[in-house]
Structure formats: structure tokens, C-alpha cells
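Asker: What follows is a single structure, and I will ask about it in a moment.
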2 protein chains.
Amino acid sequence: MSDVKTLDKPVPPGGVIGIIGGGQLGRMLAMAAARLGLKAAIYNDELHAPAFQVTPLQIAAPYDDRNLLTGFAEICDAITFEFENLPSDAIAHLASLKPVRPGQRALEITQDRFSEKNFVRGLGLKTAPFADVSSAEDAKAAFAAIGGLAILKTRRLGYDGKGQAKVTSADETEAAFGRFKSQPSILEGFVDFAFEASVVAARGADGSFAAYDPPENIHENHILRRSIVPGRLSKAQGEEAKAMAKTIADALDYVGVLAVELFVGRDGALTVNEIAPRVHNSGHWTIEACACSQFEQHIRAVAGWPLGDPTRHADAVMENIIGAEAHAWESLARAGALHLYGKREARLGRKMGHMTQLKPLTK
Amino acid sequence: MSDVKTLDKPVPPGGVIGIIGGGQLGRMLAMAAARLGLKAAIYNDELHAPAFQVTPLQIAAPYDDRNLLTGFAEICDAITFEFENLPSDAIAHLASLKPVRPGQRALEITQDRFSEKNFVRGLGLKTAPFADVSSAEDAKAAFAAIGGLAILKTRRLGYDGKGQAKVTSADETEAAFGRFKSQPSILEGFVDFAFEASVVAARGADGSFAAYDPPENIHENHILRRSIVPGRLSKAQGEEAKAMAKTIADALDYVGVLAVELFVGRDGALTVNEIAPRVHNSGHWTIEACACSQFEQHIRAVAGWPLGDPTRHADAVMENIIGAEAHAWESLARAGALHLYGKREARLGRKMGHMTQLKPLTK
């Protein structure tokens with residue numbers, strides 16, 4: 001890691017922020033960069049990407065194409081990601097050419113559920129019980145240790161419920177591990193929570209920290225359905241969640257926005273479910289309800305700018321628009337602040353957009 | 001006007017909104033289109049345009065290039081403008097190919113200060129005293145009729161104080177007319193106002209109407225310095241201003257956002273200063289303080305979508321960042337919601353960006 005580029009001074013207006021990944025997060029990051037007078041360049045592995053619609057600076061190529069990654073880095077002043085699952089040698093290559101934020105360490109830890117959970121525990125924060133599953137024998141032993149209802153998850157590359165299986169016996173655990181083609185996995189004990197929440201926060205290059213109010217999150221079919229702020233978290237729980245995010249961000253020497261997904265127990269305890277080293281679906285409401293959105297906040301951090309004000313000036317409910325729901329765009333446009341992502345096909349389970357409704361600030 | 005295209009149904013997500021003019025207004029319109037899942041195409045007569053940075057669909061060509069205007073219209077589903085001074089035969093040509101909003105009538109009336117003032121008076125609304133100045137004799141006669149302190153303005157193509165001269169005598173009026181190279185002009189009597197204000201409002205294709213709360217505007221050197229909402233307008237004056245905008249929009253059969261600049265007299269009377277048939281600098285605060293900004297509102301109207309909610313959920317002060325002020329971008333980024341327009345040179349008097357500060361809603 002000796003030849004990793006760092007940013008000596010902020011990227012000035014007119015500079016170029018490179019974004020790896022051209023989905024809706026990349027698209028909203030690019031638009032946030034433009035607000036600040038920064039240019040966005042998008043690198044994406046498919047020809048049709050939502051983010052390609054919002055900047056002329058774009059490369060469509062595989063994520064392991066060294067030459068094009070090099071060319072992309074050439075035109076960028078700093079580089080970031082909309083997703084955490086880029087091959088680690090691609091990240092290392094980019095980092096040898098231009099400042100990459102968040103850094104390799106944050107990506108490496110959060111790409112692997114096992115290392116992430118160990119890291120979180122090491123900080124004294126609560127996680128679900130978990131065990132490494134690297135073999136059929138591990139699978140049985142892990143279920144014996146954790147028992148009850150548990151979830152087998154691949155250590156890498158899962159999202160929106162993909163690469164996950166609920167299991168209720170040692171045999172089911174072994175069978176699920178087989179269906180995952182024996183990929184390294186972890187078995188997680190089920191957390192009996194009252195509801196889910198998340199905290200979206202930013203850490204600047206100077207170590208400054210800014211957290212948004214944590215929303216309550218409702219999932220359906222493993223996909224975020226809606227985020228509500230303020231939700232059922234008490235003020236004390238909200239402060240605790242922000243402090244947890246700060247502990248994690250500081251320990252990772254993090255630069256940028258990260259999200260910490262939480263379970264809120266019936267006893268009020270907060271358990272870390274997952275860390276996302278990027279802007280997060282549960283922070284989309286910040287576009288309307290805060291002067292500085294999570295997207296602008298991330299760009300500010302990546303560009304070495306001062307962090308913006310995360311103060312919430314309205315209550316908000318953010319609802320995802322999934323699959324065929326997008327066909328109702330005309331009535332959705334009457335109901336609130338509508339965001340559509342420019343995706344061509346409204347496939348099942350695909351996030352096509354979201355809608356935020358604001359209400360007067362209550363707390 | 002028989003072969004003018006109209007929009008039979010809304011432009012669906014994925015459709016292309018053409019924007020003539022690639023300055024900051026075109027840029028912010030393009031970004032608003034992207035929020036809604038619409039693509040923006042920009043036509044601009046210079047190679048480096050702020051709006052070219054936020055969409056890959058762009059044509060740089062003179063505004064009278066028939067072939068490129070035709071090609072541009074080909075890729076668009078509806079067309080609009082960031083400025084009102086496009087040659088009228090270019091507008092007519094575009095309108096023969098694709099729906100153009102606002103329509104030719106609105107542009108024709110507001111391109112010419114004399115026809116605009118006659119139109120406003122015809123609606124029973126108050127304007128400054130004015131007289132047509134088409135010759136040196138007219139100049140003297142106009143001053144004799146209006147007297148006192150007056151302003152000679154070219155009928156066409158003025159903005160930010162360009163093509164304007166204060167005059168205090170018939171001789172000065174004649175001399176100013178000479179300096180304007182005898183371009184058709186009008187002489188306007190000076191209105192002794194308490195302060196300036198504006199109302200930014202939208203009319204949908206279905207005749208629906210939505211007005212934002214009118215800000216108080218402070219000008220310096222003929223350039224908008226800041227807009228404050230709520231400013232010194234009373235609630236009744238605010239309602240009156242909105243009603244005036246509705247009268248004007250209905251009479252023009254207008255589709256899109258328009259701004260009406262107002263003088264607020266010491267007696268409380270509202271005088272129409274100018275109509276801008278487009279989004280307006282004094283409406284930039286709507287990006288942060290309203291769920292649907294003026295830019296999104298205009299795109300909604302142009303695309304035939306339902307209008308959005310113009311409700312203001314915070315108080316706001318919008319300050320322009322002019323010329324060399326932009327060099328202080330790093331400290332400005334600490335002070336509020338910063339918008340920079342991607343302009344390369346911070347020339348004197350040039351609008352480089354703006355900053356909006358939100359405060360809790362007071363009224």
C-alpha cells in the first residue's frame with residue numbers, strides 16, 4: 001500500500017470526480033458533484049447505465065480492464081465508488097494512480113461479512129451471533145453453536161437478499177452451503193428486533209464528522225420499502241446510533257459517506273447488521289429534507305471539501321419505487337418529490353426510483 | 001402558426017427534453033429533468049457551456065443553423081428555453097417540428113419591452129409610465145411626456161442592466177438613443193419603490209397553476225444580489241402577486257415557469273416591472289426550500305406532467321456568487337447550500353454560482 005495516492009489539497013471547482021459504477025447511486029452522486037461545480041466521470045461495466053445520462057464523461061468497460069481503468073484515472077482528480085464489490089486489484093490499481101476514497105481498508109473489511117463482523121465486535125459494538133462457514137463440517141458446527149433460526153450468507157457479493165438462506169437445522173445449513181457452491185459463508189443468528197434502522201454519516205478528510213438523523217427502515221422481500229424519519233428511535237437511540245457510526249468511521253480512517261444498518265431490539269439495544277461503505281438507499285430522503293444531501297456530502301468528503309450541514313429541516317418518508325410500480329409515474333408525480341433513475345426496463349424487484357414526502361418538522 | 005406541434009400526451013420517463021441555451025439555467029433545468037427520469041438535450045451556441053457538463057446529449061452550433069436545429073428537434077420529445085431572446089424564426093422552425101413550450105406568443109410578447117408593457121396594461125395591471133422611442137424626435141417627446149428621472153431601454157435583448165441608460169433630460173434621452181444606435185427603445189418613468197420583489201409561478205398544459213411564495217429581491221449594479229423569502233411583502237401582497245402571475249400566465253396561455261418582477265411602492269401598490277418567460281434567478285432558493293424546485297416545475301409543465309407542490313417548508317436567503325467572489329468557494333461551502341455553475345472564468349459581473357441558506361419556517 002506504499003504507492004497509494006493521497007489528496008494534498010481539495011479538488012477545486014472544475015475538477016473531475018471519478019465514480020465507479022453507473023447505477024442510481026452513481027447518477028445521484030454525479031448530479032451532486034455538478035451542484036458544486038465539479039465534473040463527474042462515470043466508469044460502468046454495461047453500456048446502458050443510469051449515470052451515463054447525466055455526464056458526458058463516461059467509460060463503459062469491464063471492471064478489470066487495466067487500460068481503461070488507467071485512462072479513467074487519468075481524467076479524474078479523485079475517485080470513488082457507488083458499490084463496494086469492485087475487484088480488490090482494480091481498487092489497488094486505481095489507488096496507485098489517483099486518490100481513492102473511501103480507502104482500500106474500508107472496502108476490504110466491508111466486502112467480507114466475516115471480517116466486517118469481527119471488526120465491529122472489535123470496536124465493542126454489538127452484532128448478531130455469527131460463525132465462519134468454509135466447509136460442510138463448519139456448516140453443521142456453526143448451526144450447533146448458533147442454533148434456533150439462523151441465516152447463511154455468502155461472505156462476499158450479496159445484496160438485497162441475494163446469497164442468503166434461512167435455515168432451521170444443521171442439515172439445512174449444510175444444504176444451503178452446497179447451493180452456494182461452497183463459497184465461504186457465515187452463519188448468523190437471527191436477531192429478534194422490534195424494527196430496523198440505519199445511520200448515514202460522513203467523515204471528512206480532516207477527520208470531521210457529520211451524521212444525519214437515523215431513519216426507521218421497513219423492508220419487504222429483502223428490499224428496502226421505505227425509510228421514515230423520525231421513526232421509532234428515541235432521541236437517545238438516535239444519538240447512540242450516530243456515535244456508533246463515528247466509532248466505525250474513525251476506526252476505518254474513513255473518508256466519505258457510510259451507512260450502518262441497525263437492528264433495534266425490543267429491549268432498546270442497537271445491533272449492527274451491516275456497514276455499507278457508500279451512500280445508501282435509506283439516506284435518499286436527505287435530498288429534500290436537508291440542505292446538504294448524502295450525495296453532496298459524499299462528494300464533499302471525496303473532494304476534500306468541508307462537510308455540509310446535515311441538519312434535517314422537515315420530517316420525511318422515502319418510499320422506493322420497485323419494478324412495475326414505476327408504470328404509475330404520472331400518479332406518483334402528484335404524490336411527492338419523485339425521482340426516477342432512467343432505467344429502461346422495469347424488471348421484478350428492480351429499484352426504478354423513489355419518492356419522498358416531506359412533512360413539517362416534529363422532532 | 002398552423003403547423004405548430006402540440007403535445008398530445010405527457011413525455012414519458014426516458015423521453016428527451018430539449019433545452020435551448022446551455023448556461024446555468026439550462027444546467028439546472030437539465031439536472032431537474034434527470035431527477036424525473038427524463039433525458040436533457042442541450043443546444044448552445046458556444047462550445048463551453050455549463051449545461052454541457054450534465055448531459056451527453058448536446059449540440060454546439062449557432063442559433064440560426066437550420067440543419068442542426070432540425071437534428072436537435074429530431075432527438076427531442078419537447079423543447080424549451082433557458083432564455084427568451086432566440087431569433088423568432090428559429091423558434092418558429094423548432095415549433096414546426098416538435099412541441100415548444102412556452103409557446104411563440106409568450107416569447108414574442110416578452111422579447112419586446114414595448115409589447116410586453118402594453119400587454120400587461122391591457123390586463124389591468126400597473127406598469128411604470130412608458131413611451132415608445134423609435135426616433136430622435138420620439139426620444140424628446142417621450143421625455144417631455146414622462147419627465148423627471150427616466151430610463152431608456154432597448155426594446156429587445158437587454159438583461160442585467162445592459163442596453164439601459166438613466167436620463168434626466170430630453171437631450172440626454174436623445175443622446176442615449178444615439179448610443180443605442182437608434183435601436184427601437186422605450187422610455188420608462190422611474191418608479192419610486194420601497195423595495196423589489198418577484199413572483200415565480202408555473203402554469204401546466206392543463207391550465208393548472210402553482211405559484212411560489214414571492215421573495216424580496218435586492219439588486220446591486222443592476223444584478224440580483226440576493227432574494228429573501230419571506231421578505232417584506234405582506235401576506236396580502238404575496239397573494240396579490242400570485243394572482244397577477246396567474247392573470248398573466250392565463251392570458252398568454254402559458255405553459256411552463258415564468259417570473260414577474262415587481263416594484264413594491266411605498267403605498268403598498270404592486271407594479272409589474274418585467275416578465276421573464278422562463279425560470280428565474282430569484283427562484284433559485286426553491287431548490288432547497290420547496291419539495292419541487294422551479295426547475296423541476298418547469299420541466300413538469302414542458303413535459304405535460306402534473307405540476308409539483310410549490311409549498312415552502314423553510315425560510316430562505318439566496319445570494320448570488322458574482323465574478324471573483326467564486327474564488328472563495330471553500331469558505332462559501334461552509335456557509336450554506338452552495339451551487340457552482342461550472343464556468344471557467346470568473347469574469348466581472350458574471351454569475352458564477354449561488355448559495356442558499358435555510359432557516360426555520362416563520363410564516
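Naming scheme: A, B, ... for chains in displayed order of the C-alpha cells; residues 1 onward per chain; ligands 1 onward as shown.
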Check range 126-242 of chain A with DSSP on the backbone and list each residue it calls alpha helix (DSSP H), as JSON, numbers by chain.

Answerer: {"A": [136, 137, 138, 139, 140, 141, 142, 143, 144, 145, 146, 170, 171, 172, 173, 174, 175, 176, 177, 178, 179, 235, 236, 237, 238, 239, 240, 241, 242]}

Asker: Keeping only N, CA and C atoms, write those residues as a PDB file, in the first residue's frame.

Answerer:
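Listed below is the output, part-v1.pdb:
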ATOM      1  N   ALA A 136     -18.469 -28.042   4.724  1.00  0.00           N
ATOM      2  CA  ALA A 136     -19.711 -28.698   5.152  1.00  0.00           C
ATOM      3  C   ALA A 136     -19.666 -28.979   6.655  1.00  0.00           C
ATOM      4  N   GLU A 137     -18.476 -29.328   7.156  1.00  0.00           N
ATOM      5  CA  GLU A 137     -18.342 -29.587   8.595  1.00  0.00           C
ATOM      6  C   GLU A 137     -18.601 -28.303   9.381  1.00  0.00           C
ATOM      7  N   ASP A 138     -18.011 -27.186   8.899  1.00  0.00           N
ATOM      8  CA  ASP A 138     -18.253 -25.875   9.520  1.00  0.00           C
ATOM      9  C   ASP A 138     -19.753 -25.587   9.595  1.00  0.00           C
ATOM     10  N   ALA A 139     -20.457 -25.911   8.501  1.00  0.00           N
ATOM     11  CA  ALA A 139     -21.885 -25.590   8.428  1.00  0.00           C
ATOM     12  C   ALA A 139     -22.622 -26.238   9.594  1.00  0.00           C
ATOM     13  N   LYS A 140     -22.344 -27.520   9.810  1.00  0.00           N
ATOM     14  CA  LYS A 140     -23.025 -28.237  10.892  1.00  0.00           C
ATOM     15  C   LYS A 140     -22.618 -27.703  12.258  1.00  0.00           C
ATOM     16  N   ALA A 141     -21.319 -27.477  12.412  1.00  0.00           N
ATOM     17  CA  ALA A 141     -20.821 -26.981  13.695  1.00  0.00           C
ATOM     18  C   ALA A 141     -21.383 -25.594  13.993  1.00  0.00           C
ATOM     19  N   ALA A 142     -21.466 -24.757  12.950  1.00  0.00           N
ATOM     20  CA  ALA A 142     -21.967 -23.392  13.138  1.00  0.00           C
ATOM     21  C   ALA A 142     -23.419 -23.425  13.596  1.00  0.00           C
ATOM     22  N   PHE A 143     -24.230 -24.281  12.975  1.00  0.00           N
ATOM     23  CA  PHE A 143     -25.626 -24.334  13.399  1.00  0.00           C
ATOM     24  C   PHE A 143     -25.742 -24.833  14.828  1.00  0.00           C
ATOM     25  N   ALA A 144     -24.904 -25.819  15.167  1.00  0.00           N
ATOM     26  CA  ALA A 144     -24.918 -26.338  16.538  1.00  0.00           C
ATOM     27  C   ALA A 144     -24.598 -25.223  17.537  1.00  0.00           C
ATOM     28  N   ALA A 145     -23.666 -24.340  17.152  1.00  0.00           N
ATOM     29  CA  ALA A 145     -23.257 -23.257  18.049  1.00  0.00           C
ATOM     30  C   ALA A 145     -24.319 -22.167  18.143  1.00  0.00           C
ATOM     31  N   ILE A 146     -24.927 -21.847  17.016  1.00  0.00           N
ATOM     32  CA  ILE A 146     -25.856 -20.703  16.987  1.00  0.00           C
ATOM     33  C   ILE A 146     -27.297 -21.148  17.215  1.00  0.00           C
ATOM     34  N   ALA A 170     -29.096 -28.176  11.220  1.00  0.00           N
ATOM     35  CA  ALA A 170     -27.730 -28.366  10.731  1.00  0.00           C
ATOM     36  C   ALA A 170     -27.747 -28.881   9.292  1.00  0.00           C
ATOM     37  N   ASP A 171     -28.703 -29.780   8.993  1.00  0.00           N
ATOM     38  CA  ASP A 171     -28.785 -30.319   7.625  1.00  0.00           C
ATOM     39  C   ASP A 171     -29.144 -29.228   6.618  1.00  0.00           C
ATOM     40  N   GLU A 172     -30.104 -28.384   6.975  1.00  0.00           N
ATOM     41  CA  GLU A 172     -30.474 -27.282   6.079  1.00  0.00           C
ATOM     42  C   GLU A 172     -29.290 -26.343   5.854  1.00  0.00           C
ATOM     43  N   THR A 173     -28.509 -26.140   6.903  1.00  0.00           N
ATOM     44  CA  THR A 173     -27.348 -25.261   6.783  1.00  0.00           C
ATOM     45  C   THR A 173     -26.347 -25.851   5.803  1.00  0.00           C
ATOM     46  N   GLU A 174     -26.117 -27.142   5.928  1.00  0.00           N
ATOM     47  CA  GLU A 174     -25.181 -27.804   5.023  1.00  0.00           C
ATOM     48  C   GLU A 174     -25.698 -27.761   3.584  1.00  0.00           C
ATOM     49  N   ALA A 175     -27.018 -27.984   3.417  1.00  0.00           N
ATOM     50  CA  ALA A 175     -27.605 -27.979   2.071  1.00  0.00           C
ATOM     51  C   ALA A 175     -27.492 -26.588   1.435  1.00  0.00           C
ATOM     52  N   ALA A 176     -27.765 -25.552   2.246  1.00  0.00           N
ATOM     53  CA  ALA A 176     -27.684 -24.181   1.729  1.00  0.00           C
ATOM     54  C   ALA A 176     -26.249 -23.856   1.319  1.00  0.00           C
ATOM     55  N   PHE A 177     -25.306 -24.321   2.121  1.00  0.00           N
ATOM     56  CA  PHE A 177     -23.888 -24.099   1.798  1.00  0.00           C
ATOM     57  C   PHE A 177     -23.555 -24.758   0.452  1.00  0.00           C
ATOM     58  N   GLY A 178     -24.135 -25.937   0.206  1.00  0.00           N
ATOM     59  CA  GLY A 178     -23.959 -26.612  -1.078  1.00  0.00           C
ATOM     60  C   GLY A 178     -24.545 -25.785  -2.224  1.00  0.00           C
ATOM     61  N   ARG A 179     -25.759 -25.243  -2.001  1.00  0.00           N
ATOM     62  CA  ARG A 179     -26.385 -24.422  -3.049  1.00  0.00           C
ATOM     63  C   ARG A 179     -25.552 -23.170  -3.330  1.00  0.00           C
ATOM     64  N   LYS A 235     -34.723   9.761  20.985  1.00  0.00           N
ATOM     65  CA  LYS A 235     -33.626  10.713  20.792  1.00  0.00           C
ATOM     66  C   LYS A 235     -32.303  10.097  21.266  1.00  0.00           C
ATOM     67  N   ALA A 236     -32.354   9.394  22.399  1.00  0.00           N
ATOM     68  CA  ALA A 236     -31.134   8.772  22.930  1.00  0.00           C
ATOM     69  C   ALA A 236     -30.612   7.691  21.986  1.00  0.00           C
ATOM     70  N   GLN A 237     -31.529   6.899  21.423  1.00  0.00           N
ATOM     71  CA  GLN A 237     -31.102   5.868  20.466  1.00  0.00           C
ATOM     72  C   GLN A 237     -30.503   6.497  19.212  1.00  0.00           C
ATOM     73  N   GLY A 238     -31.098   7.611  18.788  1.00  0.00           N
ATOM     74  CA  GLY A 238     -30.560   8.322  17.630  1.00  0.00           C
ATOM     75  C   GLY A 238     -29.137   8.782  17.885  1.00  0.00           C
ATOM     76  N   GLU A 239     -28.901   9.325  19.074  1.00  0.00           N
ATOM     77  CA  GLU A 239     -27.547   9.790  19.420  1.00  0.00           C
ATOM     78  C   GLU A 239     -26.582   8.617  19.523  1.00  0.00           C
ATOM     79  N   GLU A 240     -27.081   7.509  20.080  1.00  0.00           N
ATOM     80  CA  GLU A 240     -26.240   6.315  20.196  1.00  0.00           C
ATOM     81  C   GLU A 240     -25.857   5.790  18.806  1.00  0.00           C
ATOM     82  N   ALA A 241     -26.824   5.792  17.892  1.00  0.00           N
ATOM     83  CA  ALA A 241     -26.560   5.321  16.525  1.00  0.00           C
ATOM     84  C   ALA A 241     -25.506   6.205  15.856  1.00  0.00           C
ATOM     85  N   LYS A 242     -25.624   7.512  16.045  1.00  0.00           N
ATOM     86  CA  LYS A 242     -24.636   8.425  15.451  1.00  0.00           C
ATOM     87  C   LYS A 242     -23.240   8.175  16.043  1.00  0.00           C
TER      88      LYS A 242
END

Asker: Only residues of chain B matter here; which ones have an atom within 8 Å of chain A, counting only C-alpha atoms? Give them as a PyMOL selection string.

Answerer: chain B and resi 13-14+31+34-39+52-57+288+290-292+305-309+313-314+329-330+333-334+336-344+358+360

Asker: Given the selection you just returned, output its residues as a file containing C-alpha atoms, formatted as a compact mmCIF listing (two decimals), in the first residue's frame.

Answerer:
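Final file, part22.txt:
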# COMPACT_ATOMS: atom_id res chain seq x y z
CA PRO B 13 -39.80 8.78 -18.39
CA GLY B 14 -36.90 8.11 -20.75
CA MET B 31 -30.49 18.29 -13.70
CA ALA B 34 -32.78 13.89 -14.77
CA ARG B 35 -34.43 13.69 -11.34
CA LEU B 36 -37.66 12.77 -13.11
CA GLY B 37 -36.03 10.12 -15.29
CA LEU B 38 -36.19 12.37 -18.36
CA LYS B 39 -33.13 12.98 -20.51
CA PHE B 52 -22.90 20.57 -21.45
CA GLN B 53 -21.34 19.15 -18.27
CA VAL B 54 -24.55 17.48 -17.14
CA THR B 55 -25.74 15.54 -20.16
CA PRO B 56 -24.16 13.64 -23.03
CA LEU B 57 -26.85 14.88 -25.44
CA GLU B 288 -33.71 23.73 -1.15
CA CYS B 290 -39.53 23.51 -1.66
CA ALA B 291 -40.10 19.83 -2.46
CA CYS B 292 -40.46 20.74 -6.16
CA TRP B 305 -46.71 16.22 -16.30
CA PRO B 306 -48.79 17.30 -13.30
CA LEU B 307 -47.32 20.34 -11.57
CA GLY B 308 -45.44 19.72 -8.31
CA ASP B 309 -46.08 21.14 -4.87
CA HIS B 313 -41.01 24.35 4.07
CA ALA B 314 -38.28 26.71 5.24
CA TRP B 329 -15.61 28.64 -2.84
CA GLU B 330 -14.07 26.83 0.10
CA ALA B 333 -19.03 25.74 1.01
CA ARG B 334 -19.05 26.05 4.80
CA GLY B 336 -24.73 27.10 3.14
CA ALA B 337 -26.06 25.15 0.20
CA LEU B 338 -23.56 26.07 -2.50
CA HIS B 339 -24.23 25.85 -6.21
CA LEU B 340 -21.45 26.48 -8.70
CA TYR B 341 -22.19 26.57 -12.41
CA GLY B 342 -19.01 25.13 -13.91
CA LYS B 343 -17.97 28.37 -15.64
CA ARG B 344 -14.31 28.51 -16.48
CA LEU B 358 -32.29 27.87 5.07
CA PRO B 360 -36.87 27.52 10.19

Asker: Excluding Gln111 in chain A and its own-chain neighbours fewer than 5 positions away, which residues fall within 9 Å of it when counting only C-alpha atoms? Please give them as a PDB file with C-alpha atoms, in the first residue's frame.

Answerer:
ATOM      1  CA  GLU A  84     -18.288  -1.893  -2.551  1.00  0.00           C
ATOM      2  CA  ASN A  85     -17.765  -5.052  -4.563  1.00  0.00           C
ATOM      3  CA  LEU A  86     -15.147  -3.968  -7.076  1.00  0.00           C
ATOM      4  CA  ALA A 106     -12.698   0.232   4.347  1.00  0.00           C
ATOM      5  CA  GLU A 116     -16.751  -6.866   8.933  1.00  0.00           C
ATOM      6  CA  ARG A 155     -19.146 -13.712   2.844  1.00  0.00           C
ATOM      7  CA  ARG A 156     -18.930 -11.690  -0.374  1.00  0.00           C
ATOM      8  CA  LEU A 157     -21.131 -10.145  -3.063  1.00  0.00           C
TER       9      LEU A 157
END

Asker: Neighbouring residues of range 190-200 of chain B were defined as those with any atom within 6 Å, considering only C-alpha atoms; residues of the same chain fewer than 2 positions away were excluded. Please report them as a PyMOL selection string.

Answerer: chain B and resi 149-150+212+214-217+258-266

Asker: Store the residues picked out above, limited to N, CA and C atoms, as an mmCIF file, in the first residue's frame.

Answerer:
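Resulting contents of part.cif:
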data_model
loop_
_atom_site.group_PDB
_atom_site.id
_atom_site.type_symbol
_atom_site.label_atom_id
_atom_site.label_comp_id
_atom_site.auth_asym_id
_atom_site.auth_seq_id
_atom_site.Cartn_x
_atom_site.Cartn_y
_atom_site.Cartn_z
ATOM 1 N N LEU B 149 -37.003 61.696 -13.659
ATOM 2 C CA LEU B 149 -35.930 60.724 -13.858
ATOM 3 C C LEU B 149 -36.536 59.571 -14.659
ATOM 4 N N ALA B 150 -35.853 59.172 -15.719
ATOM 5 C CA ALA B 150 -36.416 58.104 -16.554
ATOM 6 C C ALA B 150 -35.292 57.185 -17.027
ATOM 7 N N TYR B 212 -44.929 30.024 -6.338
ATOM 8 C CA TYR B 212 -44.074 30.011 -5.155
ATOM 9 C C TYR B 212 -44.295 31.302 -4.371
ATOM 10 N N PRO B 214 -43.569 34.765 -3.052
ATOM 11 C CA PRO B 214 -42.749 35.793 -3.705
ATOM 12 C C PRO B 214 -41.625 36.283 -2.799
ATOM 13 N N PRO B 215 -40.384 36.224 -3.257
ATOM 14 C CA PRO B 215 -39.266 36.756 -2.474
ATOM 15 C C PRO B 215 -39.124 38.269 -2.660
ATOM 16 N N GLU B 216 -38.483 38.882 -1.687
ATOM 17 C CA GLU B 216 -37.978 40.243 -1.858
ATOM 18 C C GLU B 216 -36.603 40.130 -2.515
ATOM 19 N N ASN B 217 -36.343 41.006 -3.468
ATOM 20 C CA ASN B 217 -35.080 40.942 -4.216
ATOM 21 C C ASN B 217 -34.255 42.206 -4.022
ATOM 22 N N LEU B 258 -42.800 30.975 -15.270
ATOM 23 C CA LEU B 258 -42.492 32.358 -15.621
ATOM 24 C C LEU B 258 -42.260 33.147 -14.349
ATOM 25 N N ALA B 259 -41.551 34.262 -14.497
ATOM 26 C CA ALA B 259 -41.311 35.130 -13.349
ATOM 27 C C ALA B 259 -41.829 36.514 -13.679
ATOM 28 N N VAL B 260 -42.461 37.138 -12.699
ATOM 29 C CA VAL B 260 -42.910 38.517 -12.851
ATOM 30 C C VAL B 260 -42.147 39.346 -11.827
ATOM 31 N N GLU B 261 -41.336 40.254 -12.333
ATOM 32 C CA GLU B 261 -40.584 41.149 -11.444
ATOM 33 C C GLU B 261 -41.471 42.327 -11.084
ATOM 34 N N LEU B 262 -41.448 42.679 -9.811
ATOM 35 C CA LEU B 262 -42.377 43.681 -9.286
ATOM 36 C C LEU B 262 -41.646 44.789 -8.540
ATOM 37 N N PHE B 263 -42.220 45.996 -8.605
ATOM 38 C CA PHE B 263 -41.855 47.063 -7.682
ATOM 39 C C PHE B 263 -42.930 47.115 -6.607
ATOM 40 N N VAL B 264 -42.522 47.199 -5.359
ATOM 41 C CA VAL B 264 -43.492 47.359 -4.277
ATOM 42 C C VAL B 264 -43.404 48.809 -3.814
ATOM 43 N N GLY B 265 -44.463 49.560 -4.088
ATOM 44 C CA GLY B 265 -44.463 51.003 -3.823
ATOM 45 C C GLY B 265 -44.531 51.322 -2.342
ATOM 46 N N ARG B 266 -44.161 52.555 -2.019
ATOM 47 C CA ARG B 266 -44.265 52.973 -0.613
ATOM 48 C C ARG B 266 -45.713 52.950 -0.138
#

Asker: Could you jot down the CA of Arg232 in chain A to CA of Pro277 in chain A separation for me, Å, one decimal place?

Answerer: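 Here the two named atoms are 24.7 Å from each other.
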
Asker: Write out as number ranges by chain the residues lying within 8 Å of Arg226 in chain A, counting only C-alpha atoms and excluding same-chain residues fewer than 5 positions away.

Answerer: A: 217-219, 282, 317-320
